[in-house]
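S.K.: Sending over a structure as structure tokens; questions will come in a sec.
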Number of protein chains: 4
Amino acid sequence: MPKIGMEEPRRRALIDATIHEVGARGGMDVTVGQIARRAGMSTALAHHYFGNKERILLAAMRHILSTFGALVREELARVETPMQRLNAILDASMDRRHFEPETVAAWLAFYVQAQQSPEARRLLRVYALRLHSNLLHELKQLTDPARAARMAQALSALIDGFYIRHALQDQAPDRDDIIDILRDYTCRQLTETGQP
Amino acid sequence: MPKIGMEEPRRRALIDATIHEVGARGGMDVTVGQIARRAGMSTALAHHYFGNKERILLAAMRHILSTFGALVREELARVETPMQRLNAILDASMDRRHFEPETVAAWLAFYVQAQQSPEARRLLRVYALRLHSNLLHELKQLTDPARAARMAQALSALIDGFYIRHALQDQAPDRDDIIDILRDYTCRQLTETGQP
Amino acid sequence: MPKIGMEEPRRRALIDATIHEVGARGGMDVTVGQIARRAGMSTALAHHYFGNKERILLAAMRHILSTFGALVREELARVETPMQRLNAILDASMDRRHFEPETVAAWLAFYVQAQQSPEARRLLRVYALRLHSNLLHELKQLTDPARAARMAQALSALIDGFYIRHALQDQAPDRDDIIDILRDYTCRQLTETGQP
Amino acid sequence: MPKIGMEEPRRRALIDATIHEVGARGGMDVTVGQIARRAGMSTALAHHYFGNKERILLAAMRHILSTFGALVREELARVETPMQRLNAILDASMDRRHFEPETVAAWLAFYVQAQQSPEARRLLRVYALRLHSNLLHELKQLTDPARAARMAQALSALIDGFYIRHALQDQAPDRDDIIDILRDYTCRQLTETGQP
DNA sequence: AATGAATGAGCCTTCATTCAT
DNA sequence: AATGAATGAAGGCTCATTCAT
């Protein structure tokens with residue numbers, strides 16, 4: 001009985017399965033078979049919908065990044081002042097949902113994948129750039145352009161750094177401590193005390 | 001051509017080849033064949049010396065981490081005051097040699113590998129712990145324990161964060177800018193303008 | 001050419017090919033490639049249906065043993081008296097079909113395999129036990145329990161002994177002579193001329 | 001320090017190691033490396049002494065068979081009458097030394113090997129022939145030629161059959177029971193009670 | 001006499017991908 | 001829409017054998 005309009009749910013199921021599987025295995029060395037099985041279909045169908053493995057992986061990556069982007073946008077929509085908006089970005093970046101082990105592992109795996117796949121690289125650049133420009137936009141209203149730029153870079157690095165560390169080390173600070181550190185950093189940078 | 005005492009040079013050649021190959025391909029999905037070919041020997045010989053692929057990979061990882069550790073120790077040996085030593089750690093962490101594209105790629109790949117291989121995980125933890133305790137040791141002499149702890153975590157994250165970003169994004173700040181940011185961060189943290 | 005329901009014929013083809021190949025080569029050192037080629041398919045498909053080499057070999061062994069068992073049962077169904085049934089077992093054991101060189105070689109190879117594979121050992125034990133209990137059941141109705149037991153053991157050993165010798169030596173007696181010897185043995189044992 | 005006159009002990013060590021290794025692993029799939037290691041030398045040396053693997057295996061087989069032959073000869077030297085000599089052959093064939101698990105396994109493995117290697121086949125034929133003619137020689141003095149021939153075949157088969165069964169099945173009768181069965185068989189055959 | 005070094009060939013197994021139904 | 005069938009290609013690993021010392 002040929003079902004109709006199955007394309008969307010099937011694609012979703014495959015993307016979800018990919019993220020779970022990549023996360024569970026902790027790397028990109030997942031097989032189409034594993035993904036398809038978890039998604040409850042045959043490998044042939046997976047290929048039917050995505051053409052090849054790389055495209056499945058890219059779709060999953062795109063999904064993770066767009067989820068992240070949506071979350072930031074959502075948080076930003078709620079607040080007004082630059083300082084609030086800055087904090088909103090940081091909060092969103094540290095949202096609990098990103099810290100689910102599977103997501104973290106998938107994220108890290110995609111980082112590596114990006115070195116081999118130009119398209120993955122492009123996607124990651126888009127994410128990095130957007131985070132950077134989001135931060136920069138708010139920071140520019142809070143301090144001079146040079147410092148704003150430097151802070152945006154530092155905050156981005158902190159976010160990625162904590163993220164990656166969280167993926168591997170039990171001794172990494174937990175989410176609340178991280179937010180404290182980020183707030184403390186911005187706070188001190190914005191407090192005008194010229195370095196002697 | 002001497003036919004004895006080949007073990008050491010062969011192992012070295014394989015380790016170097018592994019790092020280059022992992023770096024060049026940007027991931028752990030290198031074959032023993034590729035490594036062996038680059039090291040100028042047969043795959044059988046590679047297996048003869050290391051037993052299996054994982055052990056080759058781990059040896060390469062161990063080499064990278066110990067190189068990193070040696071560099072830090074070397075820099076630390078040159079200076080005296082806590083502040084100098086702190087800067088020495090940061091400088092060493094940002095040493096140009098770590099930023100050769102192949103090394104960066106290998107480093108990143110090892111991070112992923114660590115999620116699958118307990119031994120890789122252990123190695124990475126050792127590195128992270130050592131960096132952290134090195135930083136902490138100096139920071140404790142410069143500020144109160146709570147802030148020292150927080151700073152050590154932040155600096156570790158910044159280092160890893162910049163490192164990972166450097167691996168992927170052209171727009172990542174260059175080494176000198178990174179050092180500026182790290183210095184600026186520590187400087188501001190250590191300048192007593194306490195938040196109430 | 002129908003593309004569904006291929007599993008059964010494929011498995012059969014692989015089992016047959018295994019027996020032929022093991023028989024032709026005279027040992028278990030057959031490769032999956034050889035088996036698959038003879039069965040007219042790729043090695044990948046062989047693995048698809050059986051999982052791994054050992055399972056292919058075990059399936060072949062199981063097939064040989066169950067063929068043997070079926071033959072005995074078939075012969076037994078035809079006759080009535082204990083003596084007839086005893087002879088039926090001996091006849092079936094010496095059936096021409098078991099003496100095809102390939103089957104003999106495969107049989108022998110399985111005996112060796114049994115020393116390494118617990119499952120193979122189990123299968124062979126089941127065969128030996130069944131033969132023994134079949135013999136014993138009839139013999140008990142023809143003589144006292146002690147002698148029945150001893151005869152069952154002797155006949156089993158004779159069957160296996162002739163079988164193995166047939167596999168290797170041209171000078172081994174042929175099937176009819178073997179049957180004569182078996183009959184003569186039972187006959188004399190059952191004729192009451194007790195040793196004092 | 002080049003040792004001299006090492007050839008003999010080295011060869012012996014390799015032969016012993018082969019038998020142990022084949023017996024321990026229960027098959028001919030032993031590697032030259034395993035044999036050499038157990039014999040306490042390098043694989044290169046093993047090749048130096050025997051040329052190739054097959055020759056090592058054959059030497060081991062030859063050793064087992066000649067040990068068997070020597071034992072029979074030894075036993076035969078001790079007794080006089082045909083009946084005593086017949087029993088001596090049977091006793092020697094069932095000697096405890098043959099039933100050490102390693103020897104049994106090696107024996108069985110050689111049987112299979114014989115299907116692939118003409119030389120192994122030849123060796124085994126020699127053994128079988130010698131056993132047969134030994135038996136025949138004595139039996140001819142105890143009964144008519146036709147029965148003697150038949151008995152020789154039956155006894156050979158019984159010996160091999162019990163041997164092979166012993167290798168695999170716990171339920172096989174032990175050595176003493178086997179000897180009882182063999183004696184009982186000959187006794188009844190030689191007792192003149194014409195079959196009706 | 002003895003061995004570490006070295007390799008070519010081969011085997012089992014996996015996997016992405018295609019095809020016919 | 002969906003899948004079982006099927007495979008080519010490749011990868012990790014083993015091993016008998018050779019060579020130079």
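By order of appearance in the structure tokens: chains A, B, ..., then residues from 1 within every chain, and ligands from 1 in the order shown.
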Can you write out as a tab-separated table which residues of chain B fall within 12 Å of chain F, alongside each residue's closest atom pair and its distance in Å to one decimal, counting only C-alpha atoms (C1' of nucleotides) and ordering rows by chain and ascending residue number?
M.R.:
residue	atom	partner	partner_atom	distance
B:Met1	CA	F:DA20	C1'	8.7
B:Pro2	CA	F:DT21	C1'	7.6
B:Lys3	CA	F:DT21	C1'	6.5
B:Ile4	CA	F:DT21	C1'	8.0
B:Gly5	CA	F:DT21	C1'	11.7
B:Asp29	CA	F:DG11	C1'	10.7
B:Val30	CA	F:DG11	C1'	10.0
B:Thr31	CA	F:DG11	C1'	7.1
B:Val32	CA	F:DG12	C1'	7.8
B:Gly33	CA	F:DG11	C1'	8.5
B:Gln34	CA	F:DG11	C1'	10.9
B:Thr43	CA	F:DC13	C1'	9.2
B:Ala44	CA	F:DC13	C1'	8.2
B:Leu45	CA	F:DC13	C1'	11.2
B:Ala46	CA	F:DC13	C1'	10.7
B:His47	CA	F:DC13	C1'	7.8
B:His48	CA	F:DT14	C1'	10.2
B:Phe50	CA	F:DC13	C1'	11.8
B:Gly51	CA	F:DC13	C1'	9.1
B:Asn52	CA	F:DC13	C1'	7.8
B:Lys53	CA	F:DG12	C1'	7.7
B:Glu54	CA	F:DG12	C1'	10.6
S.K.: If DSSP is run on the backbone, what residues of range 3-195 of chain C are helix (DSSP H, G or I)? A reply as a count of residues only would be ideal.
M.R.: 154
S.K.: Have a look at CA of Ile159 in chain C and CA of Asp91 in chain D and let me know their distance in Å, one decimal.
M.R.: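 Value for the CA of Ile159 in chain C-CA of Asp91 in chain D distance: 21.2 Å.
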S.K.: Which chain A residues are at most 9 Å from chain B (counting only C-alpha atoms), as a ChimeraX atom specification?
M.R.: /A:25-29,105,108-109,111-116,121,124-125,128-129,150-151,153-165,167-173,177-178,181-182,184-185,187-189,191,193-195
S.K.: Let's have the selection written as a compact mmCIF listing (two decimals), in the first residue's frame, with C-alpha atoms.
M.R.:
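Ended up saving to result22.txt:
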# COMPACT_ATOMS: atom_id res chain seq x y z
CA ARG A 25 28.67 6.30 18.51
CA GLY A 26 30.57 9.50 19.03
CA GLY A 27 31.77 9.97 15.52
CA MET A 28 30.93 10.11 11.87
CA ASP A 29 31.67 6.49 11.31
CA ALA A 105 28.97 14.34 20.23
CA LEU A 108 31.96 17.64 17.57
CA ALA A 109 31.76 15.06 14.84
CA TYR A 111 33.38 19.87 13.27
CA VAL A 112 35.69 17.19 12.06
CA GLN A 113 33.56 16.38 9.07
CA ALA A 114 33.87 20.01 8.11
CA GLN A 115 37.51 19.47 7.35
CA GLN A 116 36.71 17.01 4.66
CA ARG A 121 32.68 23.62 6.23
CA LEU A 124 29.86 25.67 10.03
CA ARG A 125 31.20 28.98 8.80
CA ALA A 128 30.23 30.85 13.33
CA LEU A 129 29.71 34.03 11.40
CA ARG A 150 37.83 41.31 20.52
CA MET A 151 35.05 40.42 22.92
CA GLN A 153 35.90 36.60 19.32
CA ALA A 154 36.64 35.73 22.89
CA LEU A 155 33.04 34.88 23.69
CA SER A 156 32.75 32.73 20.59
CA ALA A 157 35.90 30.87 21.51
CA LEU A 158 34.73 30.45 25.08
CA ILE A 159 31.45 29.00 23.94
CA ASP A 160 33.08 26.55 21.57
CA GLY A 161 35.82 25.76 24.03
CA PHE A 162 33.46 24.95 26.85
CA TYR A 163 31.36 23.00 24.50
CA ILE A 164 34.16 20.82 23.27
CA ARG A 165 35.50 20.34 26.76
CA ALA A 167 32.02 16.68 25.36
CA LEU A 168 35.00 14.93 26.75
CA GLN A 169 35.83 15.88 30.25
CA ASP A 170 33.94 15.20 33.37
CA GLN A 171 35.87 17.93 35.07
CA ALA A 172 34.51 20.58 32.73
CA PRO A 173 32.42 23.19 34.57
CA ASP A 177 29.32 27.92 36.01
CA ILE A 178 29.99 28.51 32.36
CA ILE A 181 32.21 32.88 33.61
CA LEU A 182 30.81 34.37 30.45
CA ASP A 184 31.87 37.81 34.51
CA TYR A 185 33.99 38.18 31.43
CA CYS A 187 31.03 42.49 32.85
CA ARG A 188 34.69 43.11 33.46
CA GLN A 189 35.41 43.97 29.89
CA THR A 191 33.61 48.08 33.11
CA THR A 193 39.19 50.31 33.84
CA GLY A 194 41.86 50.99 31.34
CA GLN A 195 44.75 48.69 31.67
S.K.: Have a look at CA of Val22 in chain B and CA of Arg55 in chain B and let me know their distance in Å, one decimal.
M.R.: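 Pair CA of Val22 in chain B / CA of Arg55 in chain B returns 14.3 Å.
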